[in-house]
Structure formats: structure tokens, C-alpha cells
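File shown here: coords02.txt, holding compact mmCIF, C-alpha atoms and all ligand atoms.
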```
# COMPACT_ATOMS: atom_id res chain seq x y z
CA MET S 105 25.94 74.44 -18.48
CA ALA S 106 25.46 76.12 -21.79
CA MET S 107 28.27 76.21 -24.28
CA LYS S 108 28.44 79.02 -26.78
CA THR S 109 30.83 79.50 -29.64
CA LEU S 110 32.51 82.79 -30.10
CA VAL S 111 33.81 83.66 -33.54
CA LYS S 112 35.94 86.71 -33.88
CA ASN S 113 36.64 88.45 -37.17
CA CYS S 114 39.26 91.02 -37.95
CA PRO S 115 37.50 94.40 -38.33
CA PHE S 116 39.71 95.20 -41.30
CA CYS S 117 39.99 92.09 -43.47
CA LYS S 118 36.99 90.29 -41.90
CA LYS S 119 38.88 87.01 -41.69
CA VAL S 120 38.39 84.77 -38.65
CA VAL S 121 40.99 85.59 -36.02
CA GLU S 122 39.75 83.36 -33.26
CA GLN S 123 37.14 80.74 -32.59
CA ARG S 124 36.54 79.31 -29.17
CA ALA S 125 33.83 77.97 -26.92
CA TYR S 126 32.85 79.50 -23.64
CA ALA S 127 30.43 78.37 -20.98
CA SER S 128 27.83 80.04 -18.85
CA TRP S 129 26.95 78.47 -15.58
CA GLY S 130 23.25 77.65 -15.34
CA ARG S 131 22.11 81.05 -16.55
CA GLN S 132 22.06 83.26 -19.58
CA PRO S 133 25.60 83.90 -20.77
CA SER S 134 26.83 87.31 -19.70
CA GLU S 135 29.51 89.49 -21.21
CA GLN S 136 31.88 88.36 -18.46
CA ASP S 137 31.65 84.72 -19.51
CA LYS S 138 33.28 85.67 -22.80
CA TRP S 139 36.23 87.35 -21.18
CA GLN S 140 39.78 86.23 -21.39
CA PHE S 141 42.56 87.99 -19.61
CA GLY S 142 45.28 89.44 -21.75
CA SER S 143 46.00 92.44 -23.89
CA PRO S 144 42.94 93.78 -25.75
CA LEU S 145 45.30 95.08 -28.39
CA ARG S 146 45.61 92.29 -30.95
CA LEU S 147 47.43 91.79 -34.17
CA CYS S 148 45.48 90.22 -37.03
CA PRO S 149 47.52 87.26 -38.34
CA HIS S 150 46.01 87.70 -41.81
CA CYS S 151 46.43 91.38 -42.60
CA GLY S 152 48.82 92.41 -39.84
CA LYS S 153 46.69 95.29 -38.55
CA LEU S 154 46.17 96.08 -34.88
CA PHE S 155 42.66 95.98 -33.49
CA ILE S 156 40.92 96.08 -30.11
CA ASP S 157 39.37 92.88 -28.83
CA SER S 158 36.67 93.98 -26.39
CA ASP S 159 36.45 90.49 -24.85
CA ARG S 160 40.00 90.73 -23.60
CA GLN S 161 40.48 92.38 -20.25
CA GLU S 162 43.54 93.66 -18.46
CA LEU S 163 43.63 91.78 -15.17
CA ALA S 164 45.29 94.73 -13.43
CA ILE S 165 42.18 96.82 -14.10
CA THR S 166 39.17 94.55 -14.06
CA GLY S 167 40.30 91.97 -11.53
CA PRO S 168 39.41 88.28 -11.51
CA ARG S 169 35.86 87.01 -11.79
CA ARG S 170 34.22 84.79 -9.19
CA GLN S 171 34.85 81.69 -11.32
CA ASP S 172 38.53 82.61 -11.56
CA MET S 173 38.91 82.55 -7.79
CA ALA S 174 36.87 79.41 -7.05
CA VAL S 175 38.81 76.50 -5.51
CA VAL S 176 36.55 74.16 -7.45
CA GLY S 177 35.31 75.58 -10.73
CA PRO S 178 31.61 75.71 -11.58
CA ALA S 179 31.96 73.04 -14.28
CA SER S 180 33.52 70.50 -11.88
CA LEU S 181 31.01 71.39 -9.18
CA ARG S 182 28.12 70.61 -11.50
CA LEU S 183 29.70 67.36 -12.65
CA ALA S 184 30.26 66.32 -9.03
CA LEU S 185 26.68 67.20 -8.12
CA MET S 186 25.41 65.09 -10.99
CA GLY S 187 27.54 62.20 -9.76
CA ILE S 188 26.15 62.54 -6.25
CA VAL S 189 22.54 62.66 -7.45
CA LEU S 190 23.15 59.68 -9.72
CA GLY S 191 24.83 57.80 -6.85
CA ALA S 192 21.88 58.52 -4.55
CA LEU S 193 19.43 57.24 -7.17
CA LEU S 194 21.51 54.06 -7.63
CA LEU S 195 21.56 53.55 -3.85
CA VAL S 196 17.80 53.82 -3.74
CA GLY S 197 17.69 51.24 -6.53
CA LYS S 198 19.99 49.00 -4.43
CA LEU S 199 22.73 49.16 -7.05
CA ASN S 200 25.36 49.78 -4.41
CA VAL S 201 28.49 49.10 -6.44
CA LEU S 202 27.42 51.44 -9.22
CA ALA S 203 26.44 54.02 -6.61
CA TYR S 204 29.92 53.93 -5.08
CA ILE S 205 31.46 54.34 -8.53
CA ALA S 206 29.28 57.42 -9.11
CA PHE S 207 30.28 58.85 -5.70
CA GLY S 208 33.90 58.06 -6.47
CA VAL S 209 33.77 59.89 -9.79
CA ALA S 210 32.14 62.89 -8.07
CA LEU S 211 34.83 62.98 -5.40
CA ALA S 212 37.65 62.52 -7.90
CA THR S 213 36.31 65.42 -9.98
CA LEU S 214 36.33 67.72 -6.95
CA VAL S 215 39.77 66.61 -5.81
CA ALA S 216 41.29 66.91 -9.27
CA ASP S 217 39.97 70.45 -9.74
CA ALA S 218 40.98 71.55 -6.24
CA ALA S 219 44.45 70.13 -6.87
CA LEU S 220 44.80 72.42 -9.88
CA TYR S 221 43.74 75.46 -7.87
CA PRO S 222 47.32 76.60 -7.00
CA THR S 223 48.28 76.31 -10.69
CA ARG S 224 45.32 78.42 -11.72
CA GLN S 225 46.14 81.05 -9.11
CA LYS S 226 49.77 81.11 -10.19
CA LYS S 227 48.69 81.70 -13.78
CA LEU S 228 46.42 84.53 -12.66
CA ALA S 229 49.23 86.12 -10.66
CA ALA S 230 51.57 85.90 -13.65
CA GLU S 231 48.92 87.42 -15.88
CA ARG S 232 48.41 90.25 -13.40
CA VAL S 233 52.14 91.05 -13.46
CA ALA S 234 52.14 90.97 -17.27
CA SER S 235 49.08 93.20 -17.29
CA GLU S 236 50.67 95.75 -14.94
CA LYS S 237 53.75 95.74 -17.14
CA ARG S 238 51.78 96.44 -20.32
CA LEU S 239 49.85 99.23 -18.61
CA SER S 240 53.01 100.85 -17.28
CA ASP S 241 53.44 102.11 -20.84
CA PRO S 242 51.32 105.31 -20.88
CA GLY S 243 50.95 105.11 -24.65
CA TYR S 244 49.42 101.68 -24.33
CA ALA S 245 47.18 102.77 -21.45
CA ARG S 246 45.94 105.77 -23.43
CA ALA S 247 45.23 103.61 -26.48
CA LEU S 248 43.02 101.37 -24.34
CA LYS S 249 41.24 104.34 -22.81
CA LYS S 250 40.55 105.68 -26.29
CA ALA S 251 39.08 102.27 -27.17
CA GLY S 252 36.59 102.62 -24.32
CA TYR S 253 38.31 100.81 -21.49
CA ASP S 254 38.04 102.28 -18.03
CA ILE S 255 41.71 102.99 -17.31
CA PRO S 256 42.66 104.43 -13.90
CA GLU S 257 44.34 107.82 -13.95
CA ARG S 258 47.63 106.51 -12.55
CA TYR S 259 48.32 104.62 -15.79
CA LEU S 260 47.66 107.63 -18.01
CA LYS S 261 50.27 109.95 -16.61
CA GLU S 262 53.18 110.89 -18.77
CA GLU S 263 56.31 109.05 -17.91
CA GLU S 264 58.26 111.05 -15.39
CA SER S 265 61.74 111.86 -16.53
CA LYS S 266 64.37 110.55 -14.20
ZN ZN S 301 42.87 91.33 -40.64
```

In C-alpha cells, write the structure found in this file.
Ligand SMILES: [Zn+2]
Amino acid sequence: MAMKTLVKNCPFCKKVVEQRAYASWGRQPSEQDKWQFGSPLRLCPHCGKLFIDSDRQELAITGPRRQDMAVVGPASLRLALMGIVLGALLLVGKLNVLAYIAFGVALATLVADAALYPTRQKKLAAERVASEKRLSDPGYARALKKAGYDIPERYLKEEESK
């Protein structure tokens, strides 16, 4: 697992707006690994100007990634696999107690991550609702389209007068 650091600067005042690490799973990091779900329209805390953050995606449009839907995330899966391999090696070396500890850690990692699965899905569902709500504002949807996002036609319509 490769960790990369993403530093984001405000396009206006050039100050650092965000700094975070993201991981790629056993391959070259792709654009998708950088994504976070939320509004791409961001307010710079330093100069107060609005800018578009191209690593933010509206969940209502792009949909979740494979790693967002996994019951056990790729990071936990790798950790568990390492535990199993280590346990097997210890078994071969007749270090049974240590082997069982390694297997136990592997199992606990899987169980702990799977236990958090409903929480992760609930968060995703809440984010999708928030995303739909933001996009229901045609002005907002048009601003994103202008910034290069692929916005479906149904969000771009003028608000019908009731
Ligand atoms: Zn700024």
C-alpha cells in the first residue's frame, strides 16, 4: 500500500487549504484514489474566495468507488493477509503460540472492519442525500458544469415555478 500526500493550495492566495494522505492499493495511484465525496465548491479559509476542488466529487453523480462498497476495505484485507502469511511461516517454524496470535490479529482486523461496514454505508447514504440536495439547486449544478464536471441534464433545468 502506497501512501501519498496531497497538498492543496488556494488558487487565489496560494495558501495551503488542505493536506491529507491517501492510499493506493498495490498499484499506481489513480485519480480516483484522491477523491473525497462532498461539494467541489470550496471556500478558502484564508482569503474567503470560492474555488473548485477537482478531487471532490458529488456522490449523486459519480457514485461510490469499489473501495467504498467493500465489506472489508483493501487496507484491512492486506493487513489480514500479512497476518495469515506470517502465521503460516510461524507454524512452519513450530512457533505455534505466535502463529495463533498472528492468525488472531488477522481475524480481528477483518471482523473489526466488517463490523464498521454498516456505519460506512450509512455515511455514504447520508452523503448521497446531501449531494442530491446541493445539486437540486440549478445554479449550483450549472456552476459545477462550467467547472468541467459531467452534470446530468436533469439537474441543469431551470426551477419550475409552482
Ligand atoms: Zn485563498

Kindly assemble as CSV a list of the chain S residues that lie within 9 Å of ligand ZN 301 (chain S), each paired with its nearest atom pair and their distance in Å to one decimal, using only C-alpha atoms and all ligand atoms, sorted first by chain and then by ascending residue number.
```
residue,atom,partner,partner_atom,distance
S:Asn113,CA,S:ZN301,ZN,7.7
S:Cys114,CA,S:ZN301,ZN,4.5
S:Pro115,CA,S:ZN301,ZN,6.6
S:Phe116,CA,S:ZN301,ZN,5.0
S:Cys117,CA,S:ZN301,ZN,4.1
S:Lys118,CA,S:ZN301,ZN,6.1
S:Lys119,CA,S:ZN301,ZN,6.0
S:Val120,CA,S:ZN301,ZN,8.2
S:Val121,CA,S:ZN301,ZN,7.6
S:Leu147,CA,S:ZN301,ZN,7.9
S:Cys148,CA,S:ZN301,ZN,4.6
S:Pro149,CA,S:ZN301,ZN,6.6
S:His150,CA,S:ZN301,ZN,4.9
S:Cys151,CA,S:ZN301,ZN,4.1
S:Gly152,CA,S:ZN301,ZN,6.1
S:Lys153,CA,S:ZN301,ZN,5.9
S:Leu154,CA,S:ZN301,ZN,8.2
S:Phe155,CA,S:ZN301,ZN,8.5
```

Checklist line | Within 12 Å of S:Phe207 using only C-alpha atoms, minus same-chain residues under 2 positions, as a list of chain:residue names | finding: S:Leu183, S:Ala184, S:Leu185, S:Met186, S:Gly187, S:Ile188, S:Val189, S:Leu190, S:Gly191, S:Ala192, S:Leu193, S:Leu194, S:Leu195, S:Asn200, S:Val201, S:Leu202, S:Ala203, S:Tyr204, S:Ile205, S:Val209, S:Ala210, S:Leu211, S:Ala212, S:Thr213, S:Leu214

Notebook entry, point to check: So what do you get for atom CA of S:Glu135 versus atom CA of S:Asp159, distance-wise?
Noted result: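 Between these atoms lies a distance of 7.9 Å.
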
Margin query: Can you pull out the residues contacting S:Glu236? Cut-off 9 Å, using all atoms listed in the file, and skip same-chain residues under 5 positions away; I want them as number ranges by chain.
Written below: S: 162-165, 231

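The space separating atom CA of S:Pro144 from atom CA of S:Leu248 comes to 7.7 Å.
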
Next item on the list: Choose the residue, out of S:Val111, S:Leu228, S:Ala206, S:Ile255, that has the smallest atom-to-atom separation from S:Met173; count only C-alpha atoms.
Entry: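 Using only C-alpha atoms, the shortest distance to S:Met173 belongs to S:Leu228.
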
Subset file as a compact mmCIF listing (two decimals), in the first residue's frame: stretch 218-266 of chain S, N, CA and C atoms:
```txt
# COMPACT_ATOMS: atom_id res chain seq x y z
N ALA S 218 -15.32 -5.30 9.07
CA ALA S 218 -16.65 -5.71 8.62
C ALA S 218 -17.72 -5.14 9.55
N ALA S 219 -17.39 -5.04 10.85
CA ALA S 219 -18.35 -4.51 11.81
C ALA S 219 -18.65 -3.04 11.54
N LEU S 220 -17.68 -2.34 10.95
CA LEU S 220 -17.87 -0.92 10.65
C LEU S 220 -18.57 -0.70 9.32
N TYR S 221 -18.79 -1.79 8.59
CA TYR S 221 -19.38 -1.68 7.25
C TYR S 221 -20.72 -0.94 7.26
N PRO S 222 -21.66 -1.30 8.15
CA PRO S 222 -22.95 -0.58 8.16
C PRO S 222 -22.78 0.92 8.40
N THR S 223 -21.83 1.29 9.28
CA THR S 223 -21.57 2.70 9.56
C THR S 223 -21.07 3.40 8.30
N ARG S 224 -20.16 2.73 7.59
CA ARG S 224 -19.63 3.34 6.37
C ARG S 224 -20.73 3.53 5.33
N GLN S 225 -21.61 2.52 5.22
CA GLN S 225 -22.69 2.62 4.24
C GLN S 225 -23.68 3.71 4.61
N LYS S 226 -23.91 3.86 5.92
CA LYS S 226 -24.83 4.89 6.39
C LYS S 226 -24.28 6.27 6.05
N LYS S 227 -22.97 6.43 6.24
CA LYS S 227 -22.32 7.69 5.92
C LYS S 227 -22.46 7.99 4.43
N LEU S 228 -22.24 6.97 3.61
CA LEU S 228 -22.36 7.13 2.16
C LEU S 228 -23.78 7.55 1.78
N ALA S 229 -24.75 6.89 2.39
CA ALA S 229 -26.15 7.20 2.09
C ALA S 229 -26.47 8.64 2.47
N ALA S 230 -25.96 9.08 3.63
CA ALA S 230 -26.19 10.45 4.08
C ALA S 230 -25.53 11.43 3.12
N GLU S 231 -24.34 11.08 2.66
CA GLU S 231 -23.61 11.95 1.74
C GLU S 231 -24.35 12.03 0.40
N ARG S 232 -24.95 10.91 0.00
CA ARG S 232 -25.70 10.92 -1.27
C ARG S 232 -26.90 11.86 -1.18
N VAL S 233 -27.59 11.81 -0.05
CA VAL S 233 -28.75 12.70 0.16
C VAL S 233 -28.30 14.16 0.14
N ALA S 234 -27.18 14.45 0.84
CA ALA S 234 -26.66 15.81 0.88
C ALA S 234 -26.26 16.26 -0.52
N SER S 235 -25.70 15.34 -1.28
CA SER S 235 -25.25 15.63 -2.64
C SER S 235 -26.44 15.95 -3.54
N GLU S 236 -27.49 15.14 -3.44
CA GLU S 236 -28.71 15.37 -4.23
C GLU S 236 -29.29 16.75 -3.90
N LYS S 237 -29.24 17.07 -2.59
CA LYS S 237 -29.81 18.32 -2.14
C LYS S 237 -29.04 19.51 -2.72
N ARG S 238 -27.71 19.43 -2.70
CA ARG S 238 -26.91 20.51 -3.26
C ARG S 238 -27.21 20.68 -4.75
N LEU S 239 -27.31 19.52 -5.45
CA LEU S 239 -27.49 19.57 -6.90
C LEU S 239 -28.90 19.99 -7.30
N SER S 240 -29.83 19.94 -6.36
CA SER S 240 -31.19 20.34 -6.69
C SER S 240 -31.27 21.86 -6.90
N ASP S 241 -30.19 22.55 -6.58
CA ASP S 241 -30.09 23.98 -6.87
C ASP S 241 -29.47 24.12 -8.26
N PRO S 242 -30.27 24.53 -9.27
CA PRO S 242 -29.76 24.58 -10.65
C PRO S 242 -28.55 25.51 -10.79
N GLY S 243 -28.51 26.54 -10.00
CA GLY S 243 -27.37 27.47 -10.05
C GLY S 243 -26.09 26.76 -9.67
N TYR S 244 -26.19 25.95 -8.63
CA TYR S 244 -25.05 25.17 -8.16
C TYR S 244 -24.63 24.15 -9.21
N ALA S 245 -25.64 23.46 -9.76
CA ALA S 245 -25.37 22.43 -10.78
C ALA S 245 -24.68 23.04 -11.99
N ARG S 246 -25.16 24.21 -12.40
CA ARG S 246 -24.57 24.87 -13.57
C ARG S 246 -23.13 25.32 -13.28
N ALA S 247 -22.89 25.77 -12.06
CA ALA S 247 -21.54 26.20 -11.69
C ALA S 247 -20.56 25.03 -11.81
N LEU S 248 -21.02 23.84 -11.37
CA LEU S 248 -20.16 22.66 -11.45
C LEU S 248 -19.93 22.26 -12.91
N LYS S 249 -20.98 22.36 -13.72
CA LYS S 249 -20.84 22.00 -15.12
C LYS S 249 -19.83 22.92 -15.80
N LYS S 250 -19.90 24.20 -15.45
CA LYS S 250 -18.97 25.18 -16.01
C LYS S 250 -17.54 24.84 -15.59
N ALA S 251 -17.40 24.25 -14.40
CA ALA S 251 -16.07 23.91 -13.90
C ALA S 251 -15.56 22.61 -14.51
N GLY S 252 -16.37 21.98 -15.36
CA GLY S 252 -15.89 20.78 -16.05
C GLY S 252 -16.46 19.48 -15.54
N TYR S 253 -17.36 19.55 -14.59
CA TYR S 253 -17.99 18.32 -14.10
C TYR S 253 -19.08 17.87 -15.06
N ASP S 254 -19.24 16.56 -15.14
CA ASP S 254 -20.23 15.99 -16.03
C ASP S 254 -21.57 15.93 -15.30
N ILE S 255 -22.36 16.96 -15.45
CA ILE S 255 -23.62 17.07 -14.70
C ILE S 255 -24.79 16.63 -15.58
N PRO S 256 -25.58 15.66 -15.13
CA PRO S 256 -26.74 15.23 -15.92
C PRO S 256 -27.73 16.37 -16.16
N GLU S 257 -28.38 16.27 -17.29
CA GLU S 257 -29.30 17.34 -17.74
C GLU S 257 -30.37 17.68 -16.71
N ARG S 258 -30.85 16.63 -15.99
CA ARG S 258 -31.98 16.85 -15.09
C ARG S 258 -31.65 17.84 -13.96
N TYR S 259 -30.37 18.03 -13.66
CA TYR S 259 -30.00 18.98 -12.61
C TYR S 259 -29.89 20.41 -13.14
N LEU S 260 -29.80 20.52 -14.47
CA LEU S 260 -29.50 21.83 -15.05
C LEU S 260 -30.74 22.64 -15.40
N LYS S 261 -31.87 21.96 -15.37
CA LYS S 261 -33.12 22.64 -15.73
C LYS S 261 -33.41 23.81 -14.78
N GLU S 262 -34.03 24.80 -15.36
CA GLU S 262 -34.48 25.91 -14.52
C GLU S 262 -35.51 25.40 -13.54
N GLU S 263 -35.55 25.99 -12.40
CA GLU S 263 -36.55 25.58 -11.42
C GLU S 263 -37.94 25.88 -11.95
N GLU S 264 -38.79 24.86 -11.91
CA GLU S 264 -40.14 25.08 -12.40
C GLU S 264 -40.94 25.88 -11.37
N SER S 265 -41.64 26.87 -11.85
CA SER S 265 -42.44 27.67 -10.93
C SER S 265 -43.70 26.90 -10.55
N LYS S 266 -43.98 26.93 -9.27
CA LYS S 266 -45.14 26.17 -8.80
C LYS S 266 -46.26 27.12 -8.41
```
